[in-house]
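*Asks:* Mind having a look at this structure? Questions to follow.
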Amino acid sequence: MSESSTFTLADVVNEPSLMLVPVVPGDNFLPVRGAHTTEIQDPGRWFEPGWVVLTTGLRFVGADPDPAMAARLVADLKAAGITALLFGIGIYFDKVPAPLVAACRLAGFPLYTVAEEVPFYVVENFINQTKSSPDAYLVKRAMWLSNELLDSLSADDPVRALIERLGSACRGTAVLYEDSGRIIESTGEGPTRLIFNELAAHEGTGSLDIGRWHVLARPLVLRGTGYTVAIATRNKAVLSELGEALLDTTQRLLGAINGINQIAMSRERHENVQLLTTLQDGISVAREFRHWERMRLFRFVPYEPLRAVMASTTAGAPLHQPLVNELLERAMVAGLGLLLAESGRTPDAEAGLQAVVSNSSVLHAWLELAGKFMDIGFSEPFTDLASAPDAFREAETARTIARRRSRAARGAGSVRGTVVMLDEVDPATWLLALRASPMTEDKVSAFTRSLDAESDLRTTVICYLALDHDVAKVAKHLFVHPNTVRYRLHKAEGLLHGTLTTTSLIANLYLAFQDEILAVQENWRDRDAGA
């Protein structure tokens, strides 16, 4: 084994078969060049620096352990450059004599116990044979570390367990990043944010140094999403000997975990859609309890409020599968009850989704993602599963409102989706949502036809109603002079055969232009907040 790949104290104490227990832990990076058992006085002069000394404590037998004797022994070993003292228990002493422990702690000298069932020759052979055949040791250690990483698959959170074991194996820090730099999991005390920044600056270079930290990184792709796994350690020999093997194993295990999750998610999604379809079709009151029990699997709490959801992608865009996956995963991570089915798989159906969600505090965080890309309607909260069909009709009404508002918002320059919860809409909005007949649309269109022919007048009237009849605000919003606003309003009043202070005229205009009015108000709030 070359000097650049020094066998260290960590290699010894981390070997499971030796069953070493730290009493005074030592520096893991200390070199180990050999091991020998001795019970003689002043053993230091018989050893080269970097050796490990084993003892059963025979020198302390027959009298109360002498603190001075213990101090001399530790001083002698430390002066000789000995790496550590391994004390065999169960022969003369059931535990390390207290004066020896105290002397090691005072001197900062590494002290470990060797279990009674582990003969000293096992420790000596492990160390001395490794020194004479380093390649065999490296293969053995790589296999042991791979097995350690494999054990993470059985953990409740396999990704976290894998990263924790990876950090332990490299004796430093391990971290899993998304392409955006968001840390999925990390362990250790390394500069995780600086590591990502440096990797990005070096265009993903796999190996680099950051101060005393030596870093090795590997990009990978799982389900179309890019990630980077990185390990960092102050012992460069670890990276040169085992870094690539550790990253290879980690990459394969992340792929295996991803595959297992996909199988589980596929099975869950199938059961999810089946249960959602059953609720949409309607169940009897007598069957509610049984369905609540089935819904527990999807994080629902029986008899806690739910909402039905109907959603469409904005502007008829396709619903991308990664978004659906992320919505499901975010609900799982946040503990949000969710039944979800995609729509739009046939040409006559809109792209979007249908769902039932828990009306819980974590719903709003989930909506931050969904609301970016979809117009979403929510029913009022309900707890009776038998009323789910009515709740979906409410959600469809709310989605109708959301889509109207979204179209108006796009006209004002917004690109986000719109979210509407039916219990939060006012009576005017509710009535407008029901104006589905052609006769109603024709009546409204006839009322606004004169303004529709004059786009400047129409826009000015809408802004005037949206901004509380404040001419100065309207002028600022439209980038015109206040007198221009007054002129346009006066001209509009002539076309409408009334004044814009008349309650009935204002009510009719609000019903005709509500979506555009709300879009202007939102745009004004955004501008005011950014000012």
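Lettering and numbering for the structure tokens are positional, with chains as A, B, ... in the shown order, residues counted from 1 in each chain, and ligands counted from 1 in the shown order.
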So that I can see what lies close to A:Pro158, please list as a list in words the residues with an atom at most 10 Å from it, counting only C-alpha atoms and leaving out residues fewer than 6 positions away in the same chain.
*Replies:*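 The neighbour list is Leu149, Leu150, Asp151, Ser152, Glu164, Leu253, Leu254 and Ile257 of chain A.
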*Asks:* Show which residues sit within 8 Å of stretch 181-198 of chain A, as a PyMOL selection string. Count only C-alpha atoms, and ignore same-chain residues fewer than 3 positions away.
*Replies:* chain A and resi 159-160+163-164+167+172-178+201-202+210+213+215+232-233
*Asks:* With a distance cut-off of 8 Å and only C-alpha atoms, select the neighbouring residues of A:Trp51, excluding the residue or stretch itself and same-chain residues fewer than 3 positions from it, and output the selection as a ChimeraX atom specification.
*Replies:* /A:32-36,47-48,81-84
*Asks:* As a PyMOL selection string, please: every residue in stretch 120-365 of chain A that a backbone DSSP assignment puts in alpha helix (DSSP H).
*Replies:* chain A and resi 120-132+134-150+158-169+192-201+236-238+244-281+288-295+321-334+363-365
*Asks:* Could you give me, as a ChimeraX atom specification, the residues within 12 Å of A:Phe300, counting only C-alpha atoms and dropping anything in the same chain fewer than 5 positions from it?
*Replies:* /A:291-295,305-307,331-332,335-339,356-360,383
*Asks:* Kindly export the residues of the current selection with N, CA and C atoms, as a PDB file, in the first residue's frame.
*Replies:*
```pdb
ATOM      1  N   HIS A 291     -65.014   2.646   3.001  1.00  0.00           N
ATOM      2  CA  HIS A 291     -64.210   3.452   2.094  1.00  0.00           C
ATOM      3  C   HIS A 291     -63.283   4.397   2.851  1.00  0.00           C
ATOM      4  N   TRP A 292     -63.704   4.880   4.013  1.00  0.00           N
ATOM      5  CA  TRP A 292     -62.778   5.672   4.824  1.00  0.00           C
ATOM      6  C   TRP A 292     -61.561   4.835   5.205  1.00  0.00           C
ATOM      7  N   GLU A 293     -61.792   3.578   5.536  1.00  0.00           N
ATOM      8  CA  GLU A 293     -60.669   2.704   5.900  1.00  0.00           C
ATOM      9  C   GLU A 293     -59.736   2.503   4.714  1.00  0.00           C
ATOM     10  N   ARG A 294     -60.272   2.373   3.516  1.00  0.00           N
ATOM     11  CA  ARG A 294     -59.422   2.249   2.328  1.00  0.00           C
ATOM     12  C   ARG A 294     -58.625   3.526   2.090  1.00  0.00           C
ATOM     13  N   MET A 295     -59.221   4.662   2.404  1.00  0.00           N
ATOM     14  CA  MET A 295     -58.570   5.948   2.161  1.00  0.00           C
ATOM     15  C   MET A 295     -57.441   6.236   3.150  1.00  0.00           C
ATOM     16  N   PRO A 305     -62.474  16.860   7.029  1.00  0.00           N
ATOM     17  CA  PRO A 305     -63.015  17.485   5.812  1.00  0.00           C
ATOM     18  C   PRO A 305     -62.169  17.224   4.568  1.00  0.00           C
ATOM     19  N   LEU A 306     -62.878  17.078   3.442  1.00  0.00           N
ATOM     20  CA  LEU A 306     -62.263  16.856   2.134  1.00  0.00           C
ATOM     21  C   LEU A 306     -62.725  17.946   1.178  1.00  0.00           C
ATOM     22  N   ARG A 307     -62.050  18.037   0.037  1.00  0.00           N
ATOM     23  CA  ARG A 307     -62.515  18.860  -1.072  1.00  0.00           C
ATOM     24  C   ARG A 307     -62.389  18.054  -2.359  1.00  0.00           C
ATOM     25  N   ALA A 331     -47.425  15.420  -2.146  1.00  0.00           N
ATOM     26  CA  ALA A 331     -48.493  15.047  -1.225  1.00  0.00           C
ATOM     27  C   ALA A 331     -48.017  13.966  -0.271  1.00  0.00           C
ATOM     28  N   MET A 332     -47.249  13.007  -0.802  1.00  0.00           N
ATOM     29  CA  MET A 332     -46.742  11.921   0.033  1.00  0.00           C
ATOM     30  C   MET A 332     -45.793  12.453   1.100  1.00  0.00           C
ATOM     31  N   GLY A 335     -47.612  14.537   3.731  1.00  0.00           N
ATOM     32  CA  GLY A 335     -48.664  13.859   4.482  1.00  0.00           C
ATOM     33  C   GLY A 335     -50.059  14.318   4.092  1.00  0.00           C
ATOM     34  N   LEU A 336     -50.211  14.825   2.856  1.00  0.00           N
ATOM     35  CA  LEU A 336     -51.502  15.311   2.378  1.00  0.00           C
ATOM     36  C   LEU A 336     -52.301  14.153   1.786  1.00  0.00           C
ATOM     37  N   GLY A 337     -53.527  13.966   2.272  1.00  0.00           N
ATOM     38  CA  GLY A 337     -54.407  12.962   1.688  1.00  0.00           C
ATOM     39  C   GLY A 337     -54.743  13.340   0.259  1.00  0.00           C
ATOM     40  N   LEU A 338     -54.540  12.413  -0.687  1.00  0.00           N
ATOM     41  CA  LEU A 338     -54.762  12.741  -2.091  1.00  0.00           C
ATOM     42  C   LEU A 338     -55.161  11.503  -2.880  1.00  0.00           C
ATOM     43  N   LEU A 339     -56.288  11.609  -3.595  1.00  0.00           N
ATOM     44  CA  LEU A 339     -56.674  10.665  -4.637  1.00  0.00           C
ATOM     45  C   LEU A 339     -56.674  11.464  -5.926  1.00  0.00           C
ATOM     46  N   VAL A 356     -59.510  14.185  -5.069  1.00  0.00           N
ATOM     47  CA  VAL A 356     -60.055  14.463  -3.740  1.00  0.00           C
ATOM     48  C   VAL A 356     -58.857  14.711  -2.842  1.00  0.00           C
ATOM     49  N   VAL A 357     -58.888  15.823  -2.083  1.00  0.00           N
ATOM     50  CA  VAL A 357     -57.764  16.153  -1.201  1.00  0.00           C
ATOM     51  C   VAL A 357     -58.276  16.433   0.201  1.00  0.00           C
ATOM     52  N   SER A 358     -57.387  16.224   1.170  1.00  0.00           N
ATOM     53  CA  SER A 358     -57.696  16.618   2.545  1.00  0.00           C
ATOM     54  C   SER A 358     -57.706  18.137   2.631  1.00  0.00           C
ATOM     55  N   ASN A 359     -58.677  18.672   3.330  1.00  0.00           N
ATOM     56  CA  ASN A 359     -58.736  20.124   3.525  1.00  0.00           C
ATOM     57  C   ASN A 359     -57.881  20.492   4.739  1.00  0.00           C
ATOM     58  N   SER A 360     -56.558  20.250   4.613  1.00  0.00           N
ATOM     59  CA  SER A 360     -55.649  20.408   5.750  1.00  0.00           C
ATOM     60  C   SER A 360     -54.747  21.616   5.543  1.00  0.00           C
ATOM     61  N   THR A 383     -67.604  16.069   4.437  1.00  0.00           N
ATOM     62  CA  THR A 383     -67.132  14.905   5.198  1.00  0.00           C
ATOM     63  C   THR A 383     -67.916  13.634   4.863  1.00  0.00           C
TER      64      THR A 383
END
```
*Asks:* Might you pull out every residue within 12 Å of A:Leu327, with only C-alpha atoms counted and same-chain residues fewer than 6 positions away left off, and present them as a VMD selection string?
*Replies:* chain A and resid 319 to 321 333 to 334 336 to 342 353 355 357 363 365 to 373
*Asks:* Could you save those same residues with N, CA and C atoms as an mmCIF file, in the first residue's frame?
*Replies:*
```cif
data_model
loop_
_atom_site.group_PDB
_atom_site.id
_atom_site.type_symbol
_atom_site.label_atom_id
_atom_site.label_comp_id
_atom_site.auth_asym_id
_atom_site.auth_seq_id
_atom_site.Cartn_x
_atom_site.Cartn_y
_atom_site.Cartn_z
ATOM 1 N N LEU A 319 -50.779 17.998 -20.165
ATOM 2 C CA LEU A 319 -50.405 17.742 -18.769
ATOM 3 C C LEU A 319 -49.185 16.825 -18.776
ATOM 4 N N HIS A 320 -48.035 17.377 -18.390
ATOM 5 C CA HIS A 320 -46.800 16.605 -18.457
ATOM 6 C C HIS A 320 -46.706 15.630 -17.280
ATOM 7 N N GLN A 321 -46.231 14.421 -17.568
ATOM 8 C CA GLN A 321 -46.159 13.380 -16.544
ATOM 9 C C GLN A 321 -45.267 13.761 -15.363
ATOM 10 N N VAL A 333 -44.869 13.328 0.693
ATOM 11 C CA VAL A 333 -43.891 13.877 1.624
ATOM 12 C C VAL A 333 -44.561 14.742 2.680
ATOM 13 N N ALA A 334 -45.553 15.549 2.263
ATOM 14 C CA ALA A 334 -46.216 16.473 3.188
ATOM 15 C C ALA A 334 -47.272 15.798 4.047
ATOM 16 N N LEU A 336 -50.211 14.825 2.856
ATOM 17 C CA LEU A 336 -51.502 15.311 2.378
ATOM 18 C C LEU A 336 -52.301 14.153 1.786
ATOM 19 N N GLY A 337 -53.527 13.966 2.272
ATOM 20 C CA GLY A 337 -54.407 12.962 1.688
ATOM 21 C C GLY A 337 -54.743 13.340 0.259
ATOM 22 N N LEU A 338 -54.540 12.413 -0.687
ATOM 23 C CA LEU A 338 -54.762 12.741 -2.091
ATOM 24 C C LEU A 338 -55.161 11.503 -2.880
ATOM 25 N N LEU A 339 -56.288 11.609 -3.595
ATOM 26 C CA LEU A 339 -56.674 10.665 -4.637
ATOM 27 C C LEU A 339 -56.674 11.464 -5.926
ATOM 28 N N LEU A 340 -55.977 10.996 -6.939
ATOM 29 C CA LEU A 340 -55.798 11.805 -8.153
ATOM 30 C C LEU A 340 -55.881 10.923 -9.380
ATOM 31 N N ALA A 341 -56.574 11.432 -10.400
ATOM 32 C CA ALA A 341 -56.637 10.751 -11.689
ATOM 33 C C ALA A 341 -56.466 11.793 -12.783
ATOM 34 N N GLU A 342 -55.694 11.443 -13.792
ATOM 35 C CA GLU A 342 -55.494 12.354 -14.914
ATOM 36 C C GLU A 342 -56.705 12.315 -15.838
ATOM 37 N N LEU A 353 -56.791 17.188 -14.425
ATOM 38 C CA LEU A 353 -56.910 16.128 -13.431
ATOM 39 C C LEU A 353 -58.168 16.308 -12.605
ATOM 40 N N ALA A 355 -59.530 15.111 -8.560
ATOM 41 C CA ALA A 355 -58.917 14.658 -7.317
ATOM 42 C C ALA A 355 -59.855 14.864 -6.138
ATOM 43 N N VAL A 357 -58.888 15.823 -2.083
ATOM 44 C CA VAL A 357 -57.764 16.153 -1.201
ATOM 45 C C VAL A 357 -58.276 16.433 0.201
ATOM 46 N N LEU A 363 -52.401 21.830 2.445
ATOM 47 C CA LEU A 363 -52.971 21.913 1.098
ATOM 48 C C LEU A 363 -52.430 23.117 0.343
ATOM 49 N N ALA A 365 -49.549 24.636 0.476
ATOM 50 C CA ALA A 365 -48.201 24.424 -0.046
ATOM 51 C C ALA A 365 -48.246 23.573 -1.313
ATOM 52 N N TRP A 366 -49.123 22.577 -1.344
ATOM 53 C CA TRP A 366 -49.290 21.729 -2.528
ATOM 54 C C TRP A 366 -49.816 22.554 -3.693
ATOM 55 N N LEU A 367 -50.701 23.507 -3.379
ATOM 56 C CA LEU A 367 -51.296 24.342 -4.419
ATOM 57 C C LEU A 367 -50.288 25.284 -5.064
ATOM 58 N N GLU A 368 -49.212 25.619 -4.348
ATOM 59 C CA GLU A 368 -48.202 26.506 -4.920
ATOM 60 C C GLU A 368 -47.625 25.913 -6.196
ATOM 61 N N LEU A 369 -47.512 24.578 -6.226
ATOM 62 C CA LEU A 369 -47.028 23.920 -7.436
ATOM 63 C C LEU A 369 -48.145 23.759 -8.456
ATOM 64 N N ALA A 370 -49.283 23.203 -8.029
ATOM 65 C CA ALA A 370 -50.368 22.915 -8.976
ATOM 66 C C ALA A 370 -50.907 24.186 -9.609
ATOM 67 N N GLY A 371 -51.015 25.269 -8.837
ATOM 68 C CA GLY A 371 -51.600 26.500 -9.336
ATOM 69 C C GLY A 371 -50.748 27.235 -10.343
ATOM 70 N N LYS A 372 -49.492 26.842 -10.507
ATOM 71 C CA LYS A 372 -48.637 27.491 -11.507
ATOM 72 C C LYS A 372 -49.042 27.105 -12.918
ATOM 73 N N PHE A 373 -49.592 25.919 -13.079
ATOM 74 C CA PHE A 373 -49.782 25.369 -14.415
ATOM 75 C C PHE A 373 -51.236 25.043 -14.747
#
```
*Asks:* Run DSSP on the backbone and grab whatever in stretch 16-234 of chain A lands in strand (DSSP E or B); send it over as a tab-separated table (two decimals) with C-alpha atoms, in the first residue's frame.
*Replies:*
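The file below, result_11.tsv, is the result:
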```tsv
chain	number	residue	atom	x	y	z
A	20	LEU	CA	-13.49	-2.63	18.86
A	21	VAL	CA	-15.24	-0.19	21.20
A	22	PRO	CA	-13.87	3.34	21.65
A	23	VAL	CA	-13.04	4.47	25.18
A	24	VAL	CA	-10.99	7.47	24.10
A	31	PRO	CA	-1.66	5.79	10.06
A	34	GLY	CA	1.51	-2.82	12.17
A	35	ALA	CA	0.15	-4.42	15.36
A	36	HIS	CA	1.74	-6.42	18.20
A	37	THR	CA	0.87	-7.64	21.69
A	51	TRP	CA	2.06	0.73	15.29
A	52	VAL	CA	-0.92	-0.42	17.36
A	53	VAL	CA	-0.15	-1.97	20.75
A	54	LEU	CA	-2.40	-4.63	22.29
A	55	THR	CA	-2.40	-5.42	26.02
A	84	ALA	CA	-3.43	3.51	19.57
A	85	LEU	CA	-3.67	1.19	22.56
A	86	LEU	CA	-6.09	-1.74	22.32
A	87	PHE	CA	-7.05	-3.20	25.71
A	88	GLY	CA	-8.35	-6.76	25.92
A	111	LEU	CA	-7.81	3.80	23.61
A	112	TYR	CA	-10.14	1.02	22.46
A	113	THR	CA	-11.35	-2.22	24.03
A	114	VAL	CA	-11.10	-5.64	22.42
A	173	THR	CA	-19.87	14.37	4.00
A	174	ALA	CA	-22.30	12.94	1.45
A	175	VAL	CA	-25.00	14.95	-0.29
A	176	LEU	CA	-27.63	14.42	-2.99
A	177	TYR	CA	-28.58	17.53	-5.00
A	178	GLU	CA	-31.28	18.26	-7.53
A	183	ILE	CA	-30.42	19.47	-1.28
A	184	ILE	CA	-32.47	16.28	-1.17
A	185	GLU	CA	-30.45	14.64	1.62
A	186	SER	CA	-27.09	15.33	3.24
A	187	THR	CA	-24.97	14.22	6.15
A	207	SER	CA	-13.09	15.84	-8.66
A	208	LEU	CA	-12.03	19.07	-6.97
A	209	ASP	CA	-10.58	20.48	-3.74
A	210	ILE	CA	-12.29	23.05	-1.52
A	213	TRP	CA	-12.02	19.07	1.66
A	214	HIS	CA	-11.50	16.71	-1.25
A	215	VAL	CA	-14.66	16.24	-3.33
A	216	LEU	CA	-15.80	13.61	-5.82
A	217	ALA	CA	-19.16	13.98	-7.57
A	218	ARG	CA	-21.28	12.04	-10.03
A	219	PRO	CA	-24.26	13.31	-12.10
A	220	LEU	CA	-27.21	10.96	-12.64
A	221	VAL	CA	-30.72	11.01	-14.06
A	222	LEU	CA	-33.75	9.41	-12.42
A	225	THR	CA	-34.81	14.52	-13.50
A	226	GLY	CA	-31.14	15.33	-13.05
A	227	TYR	CA	-29.34	14.88	-9.74
A	228	THR	CA	-25.78	15.01	-8.46
A	229	VAL	CA	-24.38	12.85	-5.68
A	230	ALA	CA	-21.17	14.10	-4.05
A	231	ILE	CA	-18.84	12.88	-1.32
A	232	ALA	CA	-16.32	15.06	0.49
A	233	THR	CA	-13.59	14.07	2.94
```
*Asks:* Just give me the gap between atom CA of A:Met69 and atom CA of A:Ile89 in Å, one decimal is fine.
*Replies:*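 These two atoms are separated by 18.9 Å.
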*Asks:* Quick one: residues within 10 Å of A:Leu18, only C-alpha atoms, excluding same-chain residues fewer than 4 positions away - as a PyMOL selection string?
*Replies:* chain A and resi 12-14+113-115+117-120+122-123+126
*Asks:* Convert the current residue selection to file output with C-alpha atoms, as a CSV table (one decimal), in the first residue's frame.
*Replies:*
```csv
chain,number,residue,atom,x,y,z
A,12,VAL,CA,-9.1,-0.8,11.9
A,13,VAL,CA,-11.9,0.5,14.2
A,14,ASN,CA,-14.5,0.3,11.5
A,113,THR,CA,-11.4,-2.2,24.0
A,114,VAL,CA,-11.1,-5.6,22.4
A,115,ALA,CA,-14.0,-8.0,23.3
A,117,GLU,CA,-14.4,-13.3,22.3
A,118,VAL,CA,-11.9,-11.7,19.9
A,119,PRO,CA,-8.4,-13.3,20.2
A,120,PHE,CA,-5.6,-10.8,19.8
A,122,VAL,CA,-7.3,-11.9,14.9
A,123,VAL,CA,-6.6,-8.2,15.3
A,126,PHE,CA,-6.1,-8.3,10.1
```
*Asks:* I'd like the neighbourhood of stretch 493-497 of chain A as a list in words, where a residue qualifies if any of its atoms comes within 10 Å (using only C-alpha atoms), though same-chain residues fewer than 5 positions away should be ignored.
*Replies:*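 Contacts, in chain order: Phe447, Thr448, Arg449, Ser450, Leu451, Glu454, Leu457, Val461, Arg488, Leu505 and Leu509 of chain A.
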*Asks:* Can I get the selected residues back with C-alpha atoms, as a PDB file, in the first residue's frame?
*Replies:*
```
ATOM      1  CA  PHE A 447     -75.500  45.272 -23.190  1.00  0.00           C
ATOM      2  CA  THR A 448     -71.758  45.781 -23.728  1.00  0.00           C
ATOM      3  CA  ARG A 449     -71.750  45.866 -27.543  1.00  0.00           C
ATOM      4  CA  SER A 450     -71.352  49.635 -27.779  1.00  0.00           C
ATOM      5  CA  LEU A 451     -68.270  49.552 -25.527  1.00  0.00           C
ATOM      6  CA  GLU A 454     -64.365  51.068 -28.643  1.00  0.00           C
ATOM      7  CA  LEU A 457     -63.340  53.108 -23.726  1.00  0.00           C
ATOM      8  CA  VAL A 461     -64.347  51.615 -17.844  1.00  0.00           C
ATOM      9  CA  ARG A 488     -63.175  58.497 -22.068  1.00  0.00           C
ATOM     10  CA  LEU A 505     -75.407  50.677 -14.344  1.00  0.00           C
ATOM     11  CA  LEU A 509     -71.154  46.502 -15.887  1.00  0.00           C
TER      12      LEU A 509
END
```
*Asks:* Kindly give the distance, in Å, that separates atom CA of A:Asn28 and atom CA of A:Arg212, rounded to a single decimal.
*Replies:* 15.4 Å
*Asks:* Which residue out of A:Val238, A:Leu385, A:Val425, A:Ala311 has the minimum interatomic distance to A:Leu275 when only C-alpha atoms are used?
*Replies:*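 Once distances to A:Leu275 are computed over only C-alpha atoms, the minimum belongs to A:Leu385.
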*Asks:* Expressed in Å to a single decimal, how great is the separation between atom CA of A:Ala512 and atom CA of A:Val444?
*Replies:* 6.1 Å
